[in-house]
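These notes concern the structure reproduced below.
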Amino acid sequence: MKRLTRVISILGAVAMSASVLAGCGKTSTEPAAQTGSAESAEVAEAVSETVEAAAEAYDLSNVKLMSDGVLSVGCEVGYPPFEDFAEDGTTPIGFDVDIITEVARRLGLEVNIINTAWDGIFAGIDNNYDLVCSACTITAERQESMAFSTPYISNYQAVILKAGDTTEIKSFNDLDGMTVAVQKETTSDELISDYKSTGTIDVEIVANEKVLSCFTQLDNGEVDAVCVDSTVADGYLAKNPDKYIYAFKDEAEAEMFGIAMGLNNTALKEAVDWALAGMEADGFIEETRNYWFGQ
């Protein structure tokens with residue numbers, strides 16, 4: 001990539017003590033290995049000074065964290081372009097990684113990205129990590145058991161077909177008779193399942209643990225279509241313009257993504273919202289969004 005991420009390449013990679021394990025749902029707080037070079041030492045010193053300066057900008061005295069000075073983040077690494085691994089196979093990158101790393105930096109904190117399976121990710125809040133930043137849709141049901149930051153990106157549900165497929169999809173009703181891949185426990189899964197359970201359409205649903213599997217099945221002809229977040233679809237089409245086509249995007253009602261925290265963790269929510277407001281005001285969120293999803 002031309003730019004690993006604006007934050008990671010300059011500050012975040014050193015400030016970020018992210019130990020991402022291969023097994024889903026496992027956690028680690030061990031810091032990433034350091035190169036020991038003079039350049040790394042200089043960058044680490046710059047990060048330390050930046051973190052200290054940021055800490056003076058916001059009073060964190062009432063914010064309780066699992067580890068002092070560290071923002072621990074649950075994240076399903078494997079949902080590009082929101083979160084994925086760099087070419088080294090271990091470094092988390094993506095839109096959400098940029099966003100939460102910058103939130104931490106502005107609060108004077110280091111960040112620890114903890115790779116967690118999506119199924120059950122919210123149960124880890126206040127147990128395995130402080131919050132979840134992983135393309136989380138804000139819903140009324142979820143708000144009964146957790147708090148959300150102010151939204152930082154909007155999203156819609158979309159249908160993706162393989163390039164060359166001439167099937168016309170004007171609504172989800174047109175998926176009738178098709179085999180559709182979705183990721184388990186996502187809005188897409190709930191949406192298509194509702195259409196099927198109510199008898200609105202007769203559709204075969206193939207639910208996968210990872211969104212990557214959905215697109216692999218589409219590539220292999222195992223499914224007819226993929227129903228997925230439009231923001232994820234944007235990333236896949238930008239990377240593979242000759243491989244997939246945007247068949248349909250439901251723009252009737254936008255979904256809003258937010259950062260999820262403990263229901264009563266008011267102090268942390270206020271701190272995160274403060275950082276996000278600054279990032280929105282100075283254009284950081286827009287620039288980062290354009291980088292990962294295109295103009």
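Each chain in the structure tokens gets a letter, A, B, ..., in the order shown, and its residues are numbered from 1; ligands are numbered from 1 in order too.
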Practice item. Identify, with DSSP run on backbone atoms, the residues in segment 151-287 of chain A assigned to alpha helix (DSSP H), and express the list as a ChimeraX atom specification. Key: /A:187-197,211-220,230-239,266-281,284-287
**Study point:** Test item: residues at most 8 Å from Glu144 of chain A, only C-alpha atoms, excluding those fewer than 3 positions along its chain, as JSON, numbers by chain
**Key:** {"A": [140, 141, 263]}
Based on the selection just made, write C-alpha atoms of those residues as an mmCIF file, in the first residue's frame.
data_model
loop_
_atom_site.group_PDB
_atom_site.id
_atom_site.type_symbol
_atom_site.label_atom_id
_atom_site.label_comp_id
_atom_site.auth_asym_id
_atom_site.auth_seq_id
_atom_site.Cartn_x
_atom_site.Cartn_y
_atom_site.Cartn_z
ATOM 1 C CA ALA A 140 -32.121 0.181 19.636
ATOM 2 C CA GLU A 141 -31.672 -3.397 20.817
ATOM 3 C CA LEU A 263 -23.636 0.870 29.237
#
Interface rows for segment 116-208 of chain A against segment 57-72 of chain A: nearest pair, Å to one decimal, 12 Å, only C-alpha atoms, as a tab-separated table:
residue	atom	partner	partner_atom	distance
A:Thr116	CA	A:Ser72	CA	11.9
A:Gly124	CA	A:Ser72	CA	10.7
A:Ile125	CA	A:Ser72	CA	9.5
A:Asp126	CA	A:Met66	CA	7.4
A:Asn127	CA	A:Met66	CA	8.3
A:Asn128	CA	A:Ser72	CA	8.0
A:Tyr129	CA	A:Ser72	CA	4.8
A:Asp130	CA	A:Ser72	CA	5.2
A:Leu131	CA	A:Ser72	CA	6.8
A:Val132	CA	A:Ser72	CA	8.6
A:Cys133	CA	A:Ser72	CA	10.1
Check your understanding: Could you pull out all residues of segment 88-226 of chain A with a DSSP call of strand (DSSP E) and give them as a VMD selection string?
Key -> chain A and resid 92 to 93 110 to 115 131 to 137 146 to 148 153 to 162 179 to 183 204 to 208 225 to 226
Only C-alpha atoms, please: the residues just picked out, written as a PDB file, in the first residue's frame.
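What follows is the written file selection_34.pdb:
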ATOM      1  CA  PRO A  92      -3.973  -4.548  11.859  1.00  0.00           C
ATOM      2  CA  ILE A  93      -4.867  -1.923   9.260  1.00  0.00           C
ATOM      3  CA  GLU A 110      -1.711   3.928  23.528  1.00  0.00           C
ATOM      4  CA  VAL A 111      -3.978   1.471  21.727  1.00  0.00           C
ATOM      5  CA  ASN A 112      -4.108  -2.303  21.924  1.00  0.00           C
ATOM      6  CA  ILE A 113      -6.100  -3.962  19.130  1.00  0.00           C
ATOM      7  CA  ILE A 114      -7.420  -7.361  20.253  1.00  0.00           C
ATOM      8  CA  ASN A 115      -8.541  -9.636  17.418  1.00  0.00           C
ATOM      9  CA  LEU A 131     -14.646  -0.963  23.864  1.00  0.00           C
ATOM     10  CA  VAL A 132     -15.403  -2.367  20.431  1.00  0.00           C
ATOM     11  CA  CYS A 133     -14.580  -0.505  17.230  1.00  0.00           C
ATOM     12  CA  SER A 134     -15.450  -2.909  14.428  1.00  0.00           C
ATOM     13  CA  ALA A 135     -18.101  -1.584  12.021  1.00  0.00           C
ATOM     14  CA  CYS A 136     -20.791  -1.767  14.717  1.00  0.00           C
ATOM     15  CA  THR A 137     -24.275  -0.707  13.678  1.00  0.00           C
ATOM     16  CA  MET A 146     -24.247  -1.033  25.766  1.00  0.00           C
ATOM     17  CA  ALA A 147     -23.430   2.596  25.071  1.00  0.00           C
ATOM     18  CA  PHE A 148     -22.367   3.936  21.683  1.00  0.00           C
ATOM     19  CA  ILE A 153     -19.763   6.770   9.369  1.00  0.00           C
ATOM     20  CA  SER A 154     -23.050   5.872   7.689  1.00  0.00           C
ATOM     21  CA  ASN A 155     -23.799   2.627   5.909  1.00  0.00           C
ATOM     22  CA  TYR A 156     -26.444   0.858   3.805  1.00  0.00           C
ATOM     23  CA  GLN A 157     -27.185  -2.728   2.859  1.00  0.00           C
ATOM     24  CA  ALA A 158     -26.018  -3.807  -0.575  1.00  0.00           C
ATOM     25  CA  VAL A 159     -26.156  -6.738  -2.983  1.00  0.00           C
ATOM     26  CA  ILE A 160     -23.014  -7.685  -4.921  1.00  0.00           C
ATOM     27  CA  LEU A 161     -22.918  -9.948  -7.968  1.00  0.00           C
ATOM     28  CA  LYS A 162     -20.068 -11.461  -9.907  1.00  0.00           C
ATOM     29  CA  THR A 179     -28.452 -18.425  -2.994  1.00  0.00           C
ATOM     30  CA  VAL A 180     -27.077 -15.514  -0.970  1.00  0.00           C
ATOM     31  CA  ALA A 181     -23.955 -15.371   1.207  1.00  0.00           C
ATOM     32  CA  VAL A 182     -23.896 -13.251   4.369  1.00  0.00           C
ATOM     33  CA  GLN A 183     -21.691 -12.967   7.425  1.00  0.00           C
ATOM     34  CA  GLU A 204     -31.101 -19.999   0.402  1.00  0.00           C
ATOM     35  CA  ILE A 205     -28.852 -18.298   2.947  1.00  0.00           C
ATOM     36  CA  VAL A 206     -25.220 -19.296   3.333  1.00  0.00           C
ATOM     37  CA  ALA A 207     -23.973 -17.745   6.591  1.00  0.00           C
ATOM     38  CA  ASN A 208     -20.210 -17.488   7.065  1.00  0.00           C
ATOM     39  CA  ALA A 225     -24.918 -13.016  -4.591  1.00  0.00           C
ATOM     40  CA  VAL A 226     -23.451 -11.472  -1.464  1.00  0.00           C
TER      41      VAL A 226
END
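You can rank A:Thr288, A:Asp229, A:Gln143, A:Asp202 by their closest distance to Ala254 of chain A using only C-alpha atoms, and at the top of that list sits A:Asp229.
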Check your understanding: When you draw a straight line from atom CA of Met279 of chain A to atom CA of Ser188 of chain A, how long is it in Å?
Key ->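 Between these atoms lies a distance of 28.7 Å.
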Exercise for review: Find, counting only C-alpha atoms, the residue in A:Leu276, A:Ile169, A:Met178, A:Ile100 that gets nearest to Ile201 of chain A.
Suggested key: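 Residue with the minimum atom-to-atom distance to Ile201 of chain A: A:Met178.
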